[in-house]
>>> print(open('upload-v8.csv').read())   # CSV, C-alpha atoms
chain,number,residue,atom,x,y,z
A,702,MET,CA,-28.9,17.3,1.2
A,703,ILE,CA,-26.1,15.2,2.7
A,704,PRO,CA,-26.1,15.3,6.5
A,705,ARG,CA,-23.4,17.3,8.1
A,706,ARG,CA,-21.8,14.3,9.7
A,707,ARG,CA,-21.3,12.6,6.4
A,708,LEU,CA,-19.9,15.8,4.8
A,709,LEU,CA,-17.4,15.9,7.7
A,710,GLY,CA,-16.6,12.3,7.0
A,711,TYR,CA,-15.8,13.0,3.4
A,712,ALA,CA,-13.7,16.0,4.4
A,713,ALA,CA,-11.8,13.9,7.1
A,714,ALA,CA,-11.0,11.2,4.5
A,715,VAL,CA,-9.6,13.8,2.0
A,716,GLY,CA,-7.6,15.4,4.8
A,717,ALA,CA,-6.3,12.1,5.9
A,718,SER,CA,-5.1,11.2,2.4
A,719,LEU,CA,-3.3,14.6,2.1
A,720,SER,CA,-1.8,14.2,5.6
A,721,PHE,CA,-0.5,10.7,4.9
A,722,ALA,CA,1.0,11.9,1.6
A,723,PHE,CA,2.7,14.9,3.1
A,724,GLY,CA,4.0,13.1,6.2
A,725,THR,CA,5.4,10.3,4.0
A,726,GLY,CA,7.2,12.9,1.8
A,727,LEU,CA,8.8,14.4,4.9
A,728,ALA,CA,9.8,11.0,6.1
A,729,VAL,CA,11.4,10.0,2.8
A,730,TYR,CA,13.4,13.2,2.9
A,731,THR,CA,14.8,12.4,6.3
A,732,TYR,CA,15.9,8.9,5.1
A,733,ASP,CA,18.6,10.7,3.1
A,734,HIS,CA,19.7,12.6,6.2
A,735,GLY,CA,20.4,10.0,8.9
A,736,THR,CA,17.1,8.3,9.7
A,737,THR,CA,15.7,4.9,8.9
A,738,PRO,CA,12.2,3.7,8.2
A,739,LEU,CA,12.1,2.0,11.6
A,740,SER,CA,13.3,5.0,13.6
A,741,VAL,CA,10.8,7.3,11.8
A,742,THR,CA,7.9,4.8,12.3
A,743,THR,CA,8.8,4.4,16.0
A,744,PHE,CA,9.0,8.2,16.5
A,745,ARG,CA,5.8,8.9,14.7
A,746,THR,CA,3.9,6.2,16.5
A,747,VAL,CA,5.0,7.1,20.0
A,748,LEU,CA,4.6,10.8,19.5
A,749,SER,CA,1.1,10.3,17.8
A,750,ALA,CA,0.0,8.3,20.9
A,751,LEU,CA,1.1,11.2,23.1
A,752,PHE,CA,-0.7,13.8,20.8
A,753,LEU,CA,-3.9,11.7,21.1
A,754,VAL,CA,-3.7,11.7,24.9
A,755,LEU,CA,-3.3,15.5,24.9
A,756,LEU,CA,-6.0,16.0,22.2
A,757,ILE,CA,-8.6,14.0,24.1
A,758,ARG,CA,-7.8,15.6,27.4
A,759,PHE,CA,-7.7,19.2,26.4
A,760,ALA,CA,-10.6,18.9,23.9
A,761,ALA,CA,-12.8,17.4,26.7
A,762,GLY,CA,-13.0,14.1,24.8
A,763,SER,CA,-13.7,10.7,26.3
A,764,PHE,CA,-11.2,7.9,27.0
A,765,ALA,CA,-14.1,5.5,27.7
A,766,LEU,CA,-14.5,2.2,25.9
A,767,LEU,CA,-16.5,-0.8,26.8
A,768,PRO,CA,-14.1,-3.5,28.2
A,769,ARG,CA,-15.0,-5.9,25.3
A,770,ASP,CA,-14.5,-3.2,22.8
A,771,ARG,CA,-11.1,-2.2,24.3
A,772,GLY,CA,-10.0,-5.8,24.0
A,773,ILE,CA,-11.0,-6.0,20.4
A,774,ILE,CA,-9.2,-2.7,19.6
A,775,LEU,CA,-6.0,-3.8,21.4
A,776,ALA,CA,-6.1,-6.9,19.2
A,777,LEU,CA,-6.6,-4.8,16.1
A,778,GLY,CA,-3.6,-2.8,17.2
A,779,ALA,CA,-1.5,-6.0,16.8
A,780,VAL,CA,-3.0,-6.3,13.3
A,781,MET,CA,-2.1,-2.7,12.6
A,782,ALA,CA,1.5,-3.4,13.7
A,783,VAL,CA,1.6,-6.4,11.3
A,784,GLN,CA,0.4,-4.1,8.5
A,785,SER,CA,3.2,-1.6,9.1
A,786,ILE,CA,5.8,-4.4,9.3
A,787,THR,CA,4.6,-6.3,6.2
A,788,HIS,CA,4.4,-3.1,4.1
A,789,TYR,CA,7.9,-2.0,5.3
A,790,VAL,CA,9.4,-5.3,4.3
A,791,ALA,CA,7.5,-5.4,1.0
A,792,VAL,CA,8.9,-2.1,0.0
A,793,LEU,CA,12.4,-3.5,0.5
A,794,LEU,CA,11.7,-6.5,-1.6
A,795,LEU,CA,9.7,-4.8,-4.4
A,796,PRO,CA,9.9,-1.6,-6.4
A,797,LEU,CA,8.1,1.1,-4.5
A,798,ALA,CA,5.5,1.7,-7.2
A,799,HIS,CA,4.6,-2.0,-7.3
A,800,ALA,CA,4.5,-2.4,-3.5
A,801,THR,CA,2.2,0.7,-3.3
A,802,LEU,CA,-0.1,-0.5,-6.0
A,803,LEU,CA,-0.5,-3.9,-4.2
A,804,LEU,CA,-1.2,-2.1,-0.9
A,805,TYR,CA,-4.0,-0.2,-2.6
A,806,THR,CA,-5.9,-3.4,-3.3
A,807,TYR,CA,-7.3,-2.8,0.2
A,808,PRO,CA,-10.4,-0.9,-1.1
A,809,PHE,CA,-11.4,-4.2,-2.9
A,810,PHE,CA,-10.9,-6.2,0.3
A,811,ILE,CA,-12.9,-3.7,2.3
A,812,ALA,CA,-15.7,-3.7,-0.4
A,813,ALA,CA,-15.9,-7.5,-0.4
A,814,GLY,CA,-15.9,-7.7,3.4
A,815,SER,CA,-18.6,-5.1,3.7
A,816,HIS,CA,-20.7,-6.9,1.1
A,817,LEU,CA,-20.2,-10.4,2.6
A,818,THR,CA,-21.0,-9.2,6.2
A,819,GLY,CA,-24.1,-7.4,5.0
A,820,ARG,CA,-23.0,-4.0,6.2
A,821,GLU,CA,-23.2,-2.4,2.7
A,822,ARG,CA,-24.3,-3.9,-0.5
A,823,ILE,CA,-21.7,-3.1,-3.1
A,824,THR,CA,-23.4,-1.8,-6.2
A,825,PRO,CA,-22.1,-1.8,-9.8
A,826,ALA,CA,-21.5,2.0,-9.4
A,827,ILE,CA,-19.2,1.4,-6.4
A,828,LEU,CA,-17.4,-1.3,-8.2
A,829,ALA,CA,-16.9,1.0,-11.2
A,830,ALA,CA,-15.6,3.7,-9.0
A,831,LEU,CA,-13.1,1.3,-7.4
A,832,ALA,CA,-12.0,0.0,-10.8
A,833,VAL,CA,-11.5,3.6,-12.2
A,834,ALA,CA,-9.6,4.7,-9.1
A,835,PHE,CA,-7.3,1.6,-9.3
A,836,GLY,CA,-6.7,2.1,-13.0
A,837,GLY,CA,-5.8,5.7,-12.3
A,838,LEU,CA,-3.3,4.6,-9.7
A,839,VAL,CA,-1.6,2.3,-12.2
A,840,LEU,CA,-1.0,5.3,-14.4
A,841,VAL,CA,-0.1,7.6,-11.4
A,842,LEU,CA,2.5,5.2,-10.1
A,843,ASP,CA,4.0,4.7,-13.6
A,844,ILE,CA,3.9,1.0,-13.4
A,845,GLY,CA,6.1,-0.3,-16.2
A,846,GLY,CA,9.5,-1.6,-17.1
A,847,GLU,CA,11.0,-4.8,-15.7
A,848,PHE,CA,9.3,-6.2,-12.6
A,849,ASP,CA,11.7,-7.3,-9.9
A,850,PHE,CA,9.7,-10.4,-9.1
A,851,SER,CA,9.6,-11.5,-5.4
A,852,VAL,CA,6.9,-13.9,-4.3
A,853,LEU,CA,7.6,-13.0,-0.7
A,854,GLY,CA,7.3,-9.3,-1.5
A,855,ILE,CA,4.0,-9.8,-3.2
A,856,VAL,CA,2.6,-11.9,-0.4
A,857,LEU,CA,3.7,-9.3,2.2
A,858,ALA,CA,2.2,-6.4,0.2
A,859,VAL,CA,-1.1,-8.1,-0.1
A,860,ALA,CA,-1.0,-9.1,3.5
A,861,ALA,CA,-0.5,-5.4,4.4
A,862,ALA,CA,-3.6,-4.6,2.4
A,863,ALA,CA,-5.6,-7.4,4.0
A,864,SER,CA,-4.5,-6.3,7.5
A,865,PHE,CA,-5.6,-2.7,7.0
A,866,SER,CA,-8.9,-4.0,5.7
A,867,VAL,CA,-9.4,-6.1,8.8
A,868,VAL,CA,-8.8,-3.1,11.0
A,869,ALA,CA,-11.2,-0.9,9.1
A,870,LEU,CA,-14.0,-3.4,8.9
A,871,VAL,CA,-13.8,-4.7,12.5
A,872,SER,CA,-13.4,-1.2,14.0
A,873,GLN,CA,-16.5,0.3,12.2
A,874,PRO,CA,-19.2,-0.9,14.6
A,875,ILE,CA,-17.1,-0.1,17.6
A,876,ILE,CA,-16.5,3.5,16.3
A,877,ARG,CA,-20.2,3.9,15.8
A,878,ARG,CA,-21.2,3.0,19.3
A,879,SER,CA,-18.2,4.8,21.0
A,880,PRO,CA,-18.6,8.4,22.3
A,881,ASP,CA,-15.2,9.4,20.8
A,882,SER,CA,-13.3,7.7,17.9
A,883,ARG,CA,-10.1,9.3,19.2
A,884,ALA,CA,-10.1,6.9,22.1
A,885,ILE,CA,-10.3,4.0,19.7
A,886,THR,CA,-7.4,5.5,17.7
A,887,LEU,CA,-5.4,5.8,20.9
A,888,ASN,CA,-5.9,2.2,22.0
A,889,LEU,CA,-5.1,1.1,18.5
A,890,HIS,CA,-1.6,2.5,19.0
A,891,ALA,CA,-0.9,0.7,22.3
A,892,VAL,CA,0.5,-2.5,20.7
A,893,PRO,CA,2.3,-0.7,17.8
A,894,VAL,CA,4.1,1.6,20.3
A,895,VAL,CA,5.4,-1.4,22.3
A,896,SER,CA,6.2,-3.3,19.2
A,897,PHE,CA,8.2,-0.6,17.5
A,898,LEU,CA,10.0,0.4,20.7
A,899,ALA,CA,11.0,-3.3,21.2
A,900,ALA,CA,12.1,-3.6,17.6
A,901,SER,CA,14.2,-0.4,17.9
A,902,ALA,CA,15.8,-1.7,21.1
A,903,ALA,CA,16.5,-5.1,19.7
A,904,LEU,CA,18.1,-3.7,16.5
A,905,ASP,CA,19.6,-0.8,18.3
A,906,ASP,CA,18.1,1.5,15.7
A,907,TRP,CA,17.6,5.0,17.2
A,908,SER,CA,18.8,6.9,14.1
A,909,MET,CA,18.1,10.6,14.1
A,910,PRO,CA,18.4,13.3,11.5
A,911,ASP,CA,21.9,14.8,10.9
A,912,THR,CA,20.8,18.3,9.7
A,913,GLN,CA,18.7,21.1,11.2
A,914,GLU,CA,16.4,21.1,8.2
A,915,ALA,CA,15.9,17.3,8.4
A,916,TRP,CA,15.1,17.7,12.1
A,917,ILE,CA,12.3,20.1,11.4
A,918,MET,CA,10.8,17.8,8.8
A,919,PHE,CA,11.3,14.8,11.2
A,920,ALA,CA,9.4,16.7,13.9
A,921,PHE,CA,6.4,17.3,11.7
A,922,VAL,CA,6.0,13.6,10.6
A,923,PRO,CA,4.1,12.6,13.8
A,924,PHE,CA,1.8,15.6,13.4
A,925,PHE,CA,0.7,14.7,9.9
A,926,TYR,CA,0.5,11.0,10.8
A,927,CYS,CA,-1.7,11.7,13.9
A,928,SER,CA,-3.9,14.0,11.8
A,929,ALA,CA,-4.3,11.3,9.2
A,930,VAL,CA,-5.2,8.4,11.5
A,931,VAL,CA,-7.7,10.5,13.4
A,932,GLY,CA,-9.3,11.4,10.1
A,933,VAL,CA,-9.3,7.8,8.8
A,934,PHE,CA,-11.2,6.5,11.9
A,935,TYR,CA,-13.6,9.4,12.0
A,936,ALA,CA,-14.4,8.8,8.3
A,937,ILE,CA,-14.9,5.0,8.9
A,938,GLY,CA,-17.6,5.9,11.5
A,939,ALA,CA,-19.2,8.7,9.4
A,940,ILE,CA,-19.2,7.4,5.8
A,941,GLY,CA,-18.2,3.7,6.2
A,942,PRO,CA,-15.0,1.9,5.3
A,943,VAL,CA,-15.8,1.5,1.6
A,944,ARG,CA,-16.1,5.2,0.8
A,945,MET,CA,-13.2,6.0,3.2
A,946,SER,CA,-10.9,3.5,1.3
A,947,LEU,CA,-11.9,4.8,-2.1
A,948,ILE,CA,-11.2,8.4,-1.1
A,949,MET,CA,-7.8,7.3,0.3
A,950,ASN,CA,-6.7,6.6,-3.3
A,951,LEU,CA,-6.0,10.3,-3.3
A,952,GLU,CA,-2.9,9.7,-1.2
A,953,PRO,CA,-0.6,8.5,-4.0
A,954,VAL,CA,-2.0,11.3,-6.2
A,955,ALA,CA,-1.2,13.9,-3.5
A,956,ALA,CA,2.3,12.3,-3.1
A,957,ILE,CA,3.2,12.9,-6.7
A,958,ALA,CA,1.8,16.4,-6.6
A,959,PHE,CA,4.0,17.2,-3.6
A,960,GLY,CA,6.9,15.7,-5.4
A,961,PHE,CA,6.2,18.0,-8.4
A,962,LEU,CA,5.6,21.1,-6.4
A,963,LEU,CA,8.3,20.7,-3.7
A,964,LEU,CA,11.0,18.5,-5.2
A,965,GLY,CA,10.7,19.5,-8.9
A,966,GLN,CA,9.9,16.0,-10.0
A,967,HIS,CA,8.6,15.5,-13.6
A,968,LEU,CA,5.0,14.5,-14.3
A,969,ASP,CA,4.1,13.0,-17.7
A,970,ALA,CA,0.8,12.9,-19.4
A,971,PRO,CA,-0.2,9.3,-18.3
A,972,GLN,CA,0.4,10.3,-14.7
A,973,LEU,CA,-1.8,13.4,-15.1
A,974,LEU,CA,-4.5,11.3,-16.7
A,975,GLY,CA,-4.3,8.8,-13.9
A,976,ALA,CA,-4.6,11.5,-11.3
A,977,ALA,CA,-7.7,12.9,-13.1
A,978,LEU,CA,-9.3,9.4,-13.1
A,979,VAL,CA,-8.7,9.0,-9.3
A,980,ILE,CA,-10.2,12.4,-8.6
A,981,VAL,CA,-13.2,11.6,-10.9
A,982,ALA,CA,-13.8,8.4,-9.0
A,983,VAL,CA,-13.5,10.1,-5.6
A,984,VAL,CA,-15.9,12.9,-6.6
A,985,ALA,CA,-18.3,10.4,-8.1
A,986,VAL,CA,-18.6,8.4,-4.9
A,987,ARG,CA,-20.1,11.4,-3.1
A,988,TRP,CA,-23.3,11.0,-5.2
A,989,ILE,CA,-23.5,7.2,-5.1
A,990,PRO,CA,-26.1,6.2,-2.6
A,991,ALA,CA,-25.1,3.8,0.2
A,992,GLN,CA,-27.2,0.6,0.2
A,993,ARG,CA,-27.0,-0.9,3.7
A,994,GLU,CA,-28.5,-4.2,4.4
A,995,THR,CA,-28.4,-4.0,8.2
A,996,GLN,CA,-30.0,-1.3,10.3
A,997,ALA,CA,-27.2,-1.6,12.8
A,998,ASP,CA,-24.8,0.2,10.5
A,999,ASN,CA,-27.4,2.7,9.3
A,1000,GLY,CA,-26.7,4.9,12.3
A,1001,GLU,CA,-26.7,8.3,10.8
A,1002,GLY,CA,-26.1,10.5,13.8
A,1003,SER,CA,-26.7,7.6,16.2
A,1004,SER,CA,-23.2,8.0,17.7
A,1005,ARG,CA,-20.6,10.7,18.0
A,1006,PRO,CA,-17.3,9.7,16.3
A,1007,PHE,CA,-15.8,12.5,18.2
A,1008,ARG,CA,-16.9,15.7,19.8
>>> encode(input="upload-v8.csv", output="structure tokens")
Amino acid sequence: MIPRRRLLGYAAAVGASLSFAFGTGLAVYTYDHGTTPLSVTTFRTVLSALFLVLLIRFAAGSFALLPRDRGIILALGAVMAVQSITHYVAVLLLPLAHATLLLYTYPFFIAAGSHLTGRERITPAILAALAVAFGGLVLVLDIGGEFDFSVLGIVLAVAAAASFSVVALVSQPIIRRSPDSRAITLNLHAVPVVSFLAASAALDDWSMPDTQEAWIMFAFVPFFYCSAVVGVFYAIGAIGPVRMSLIMNLEPVAAIAFGFLLLGQHLDAPQLLGAALVIVAVVAVRWIPAQRETQADNGEGSSRPFR
């Protein structure tokens, strides 16, 4: 039997991937109705921080963090801001499918980091699951045709993947010894909130939707984003960053499914095959045993990711 906390961790990672996909779909819709990526990112980051404050307060959670841990998390917030900026610029320089695929190299970075730091020994089964999921994404994202080559775009997309990997790996032990992972998520947003507000002010970009329907979608973006980041950091504490990152491969799959169901977009056979491969890899990882090399990270139930 898998302990309840680990089952909740798997569920949180799946929920996070779906929330990210749906929130991104809503954001993309608003781009055609008056908003910009910067205005949406600023809005969702600021509102998510406010949601987290209310969530912790009214759910009787804890804001407490050790001073040293708080300093590390604030520094990771700067890394997270870099991740958002590099990914945003990479999308401008590269075709969206290629930028997304390069971003999703982060499960390999996380796996390598976990193995090298001794937190989890990466087995051939895990490597196979990662490879199958990545191959599925190649099909899902319909990579093909002429590649608009941009060295800077490639560097920035890989930098975004590496930045997210750093956040996931460094935050894991802090999450496991913290009474509430939501406090960590809140502190991670401090630097991005300041950064995006400053960028919006410097560029005078406060673009808002120009239709009532777009406003409704715009208003829901922070809700899905906040749900997603809470789920990600809960999952990091409950099942570890390697499994969290592999499950997050469901996000692009969910995105094309939403495009098909809500926008009437066409799905071809290779995309459906790719989606099936990603789902098979995600389901398979549920039965692959974790092989941890340090007792410090083998803290099943040793901390409360959140109450």
>>> residues_around(input="upload-v8.csv", residues="A:Tyr732", least_positions_apart="3", cutoff="10 Å", atoms="all atoms listed in the file", output="PyMOL selection string")
chain A and resi 727-729+735-738+740-741+908-910+915+919
>>> atom_distance(input="upload-v8.csv", atom1="atom CA of A:Leu793", atom2="atom CA of A:Thr743")
17.8 Å
>>> residues_around(input="upload-v8.csv", residues="A:Val931", least_positions_apart="3", cutoff="9 Å", atoms="all atoms listed in the file", output="list in words")
Ala713, Ala717, Leu753, Ser882, Arg883, Thr886, Tyr926, Cys927, Ser928, Phe934, Tyr935 and Ala936 of chain A
>>> residues_around(input="upload-v8.csv", residues="A:Ser749", least_positions_apart="3", cutoff="6 Å", atoms="all atoms listed in the file", output="list in words")
Arg745, Thr746, Phe752, Pro923 and Cys927 of chain A
>>> atom_distance(input="upload-v8.csv", atom1="atom CA of A:Ile980", atom2="atom CA of A:Ile876")
27.2 Å
>>> atom_distance(input="upload-v8.csv", atom1="atom CA of A:Gly975", atom2="atom CA of A:Ala712")
21.8 Å
>>> closest_residue(input="upload-v8.csv", among="A:Asn888, A:Thr787, A:Ser896, A:Gln873", to="A:Met945", atoms="all atoms listed in the file")
A:Gln873
>>> closest_residue(input="upload-v8.csv", among="A:Leu887, A:Val856, A:Val715, A:Ala829", to="A:Phe764", atoms="all atoms listed in the file")
A:Leu887
>>> closest_residue(input="upload-v8.csv", among="A:Ala714, A:Ala920, A:Ala800, A:Ala776", to="A:Leu951", atoms="all atoms listed in the file")
A:Ala714
>>> residues_around(input="upload-v8.csv", residues="A:Ser720", least_positions_apart="6", cutoff="10 Å", atoms="only C-alpha atoms", output="mmCIF file with C-alpha atoms, in the coordinates of the input")
data_model
loop_
_atom_site.group_PDB
_atom_site.id
_atom_site.type_symbol
_atom_site.label_atom_id
_atom_site.label_comp_id
_atom_site.auth_asym_id
_atom_site.auth_seq_id
_atom_site.Cartn_x
_atom_site.Cartn_y
_atom_site.Cartn_z
ATOM 1 C CA ALA A 714 -11.000 11.200 4.500
ATOM 2 C CA GLY A 726 7.200 12.900 1.800
ATOM 3 C CA VAL A 922 6.000 13.600 10.600
ATOM 4 C CA PHE A 924 1.800 15.600 13.400
ATOM 5 C CA PHE A 925 0.700 14.700 9.900
ATOM 6 C CA TYR A 926 0.500 11.000 10.800
ATOM 7 C CA CYS A 927 -1.700 11.700 13.900
ATOM 8 C CA SER A 928 -3.900 14.000 11.800
ATOM 9 C CA ALA A 929 -4.300 11.300 9.200
ATOM 10 C CA VAL A 930 -5.200 8.400 11.500
ATOM 11 C CA GLY A 932 -9.300 11.400 10.100
ATOM 12 C CA GLU A 952 -2.900 9.700 -1.200
ATOM 13 C CA ALA A 955 -1.200 13.900 -3.500
ATOM 14 C CA ALA A 956 2.300 12.300 -3.100
#
>>> build_atoms(input="upload-v8.csv", residues="stretch 724-738 of chain A", atoms="N, CA and C atoms", output="PDB file, keeping the file's coordinate frame")
ATOM      1  N   GLY A 724       3.130  13.646   5.129  1.00  0.00           N
ATOM      2  CA  GLY A 724       4.000  13.100   6.200  1.00  0.00           C
ATOM      3  C   GLY A 724       4.958  12.047   5.587  1.00  0.00           C
ATOM      4  N   THR A 725       4.504  11.259   4.614  1.00  0.00           N
ATOM      5  CA  THR A 725       5.400  10.300   4.000  1.00  0.00           C
ATOM      6  C   THR A 725       6.508  11.004   3.208  1.00  0.00           C
ATOM      7  N   GLY A 726       6.145  12.097   2.533  1.00  0.00           N
ATOM      8  CA  GLY A 726       7.200  12.900   1.800  1.00  0.00           C
ATOM      9  C   GLY A 726       8.221  13.410   2.734  1.00  0.00           C
ATOM     10  N   LEU A 727       7.814  13.921   3.888  1.00  0.00           N
ATOM     11  CA  LEU A 727       8.800  14.400   4.900  1.00  0.00           C
ATOM     12  C   LEU A 727       9.667  13.287   5.380  1.00  0.00           C
ATOM     13  N   ALA A 728       9.046  12.122   5.634  1.00  0.00           N
ATOM     14  CA  ALA A 728       9.800  11.000   6.100  1.00  0.00           C
ATOM     15  C   ALA A 728      10.861  10.532   5.138  1.00  0.00           C
ATOM     16  N   VAL A 729      10.463  10.450   3.863  1.00  0.00           N
ATOM     17  CA  VAL A 729      11.400  10.000   2.800  1.00  0.00           C
ATOM     18  C   VAL A 729      12.581  10.971   2.732  1.00  0.00           C
ATOM     19  N   TYR A 730      12.311  12.257   2.889  1.00  0.00           N
ATOM     20  CA  TYR A 730      13.400  13.200   2.900  1.00  0.00           C
ATOM     21  C   TYR A 730      14.399  12.954   3.987  1.00  0.00           C
ATOM     22  N   THR A 731      13.893  12.626   5.184  1.00  0.00           N
ATOM     23  CA  THR A 731      14.800  12.400   6.300  1.00  0.00           C
ATOM     24  C   THR A 731      15.620  11.118   6.152  1.00  0.00           C
ATOM     25  N   TYR A 732      15.147  10.162   5.307  1.00  0.00           N
ATOM     26  CA  TYR A 732      15.900   8.900   5.100  1.00  0.00           C
ATOM     27  C   TYR A 732      17.296   9.244   4.499  1.00  0.00           C
ATOM     28  N   ASP A 733      17.375  10.323   3.735  1.00  0.00           N
ATOM     29  CA  ASP A 733      18.600  10.700   3.100  1.00  0.00           C
ATOM     30  C   ASP A 733      19.494  11.553   4.084  1.00  0.00           C
ATOM     31  N   HIS A 734      18.992  11.764   5.277  1.00  0.00           N
ATOM     32  CA  HIS A 734      19.700  12.600   6.200  1.00  0.00           C
ATOM     33  C   HIS A 734      19.770  11.970   7.613  1.00  0.00           C
ATOM     34  N   GLY A 735      20.032  10.671   7.625  1.00  0.00           N
ATOM     35  CA  GLY A 735      20.400  10.000   8.900  1.00  0.00           C
ATOM     36  C   GLY A 735      19.359   9.107   9.501  1.00  0.00           C
ATOM     37  N   THR A 736      18.084   9.179   9.108  1.00  0.00           N
ATOM     38  CA  THR A 736      17.100   8.300   9.700  1.00  0.00           C
ATOM     39  C   THR A 736      16.893   7.035   8.977  1.00  0.00           C
ATOM     40  N   THR A 737      16.094   6.146   9.539  1.00  0.00           N
ATOM     41  CA  THR A 737      15.700   4.900   8.900  1.00  0.00           C
ATOM     42  C   THR A 737      14.208   4.735   8.971  1.00  0.00           C
ATOM     43  N   PRO A 738      13.616   3.882   8.127  1.00  0.00           N
ATOM     44  CA  PRO A 738      12.200   3.700   8.200  1.00  0.00           C
ATOM     45  C   PRO A 738      11.728   3.243   9.632  1.00  0.00           C
TER      46      PRO A 738
END
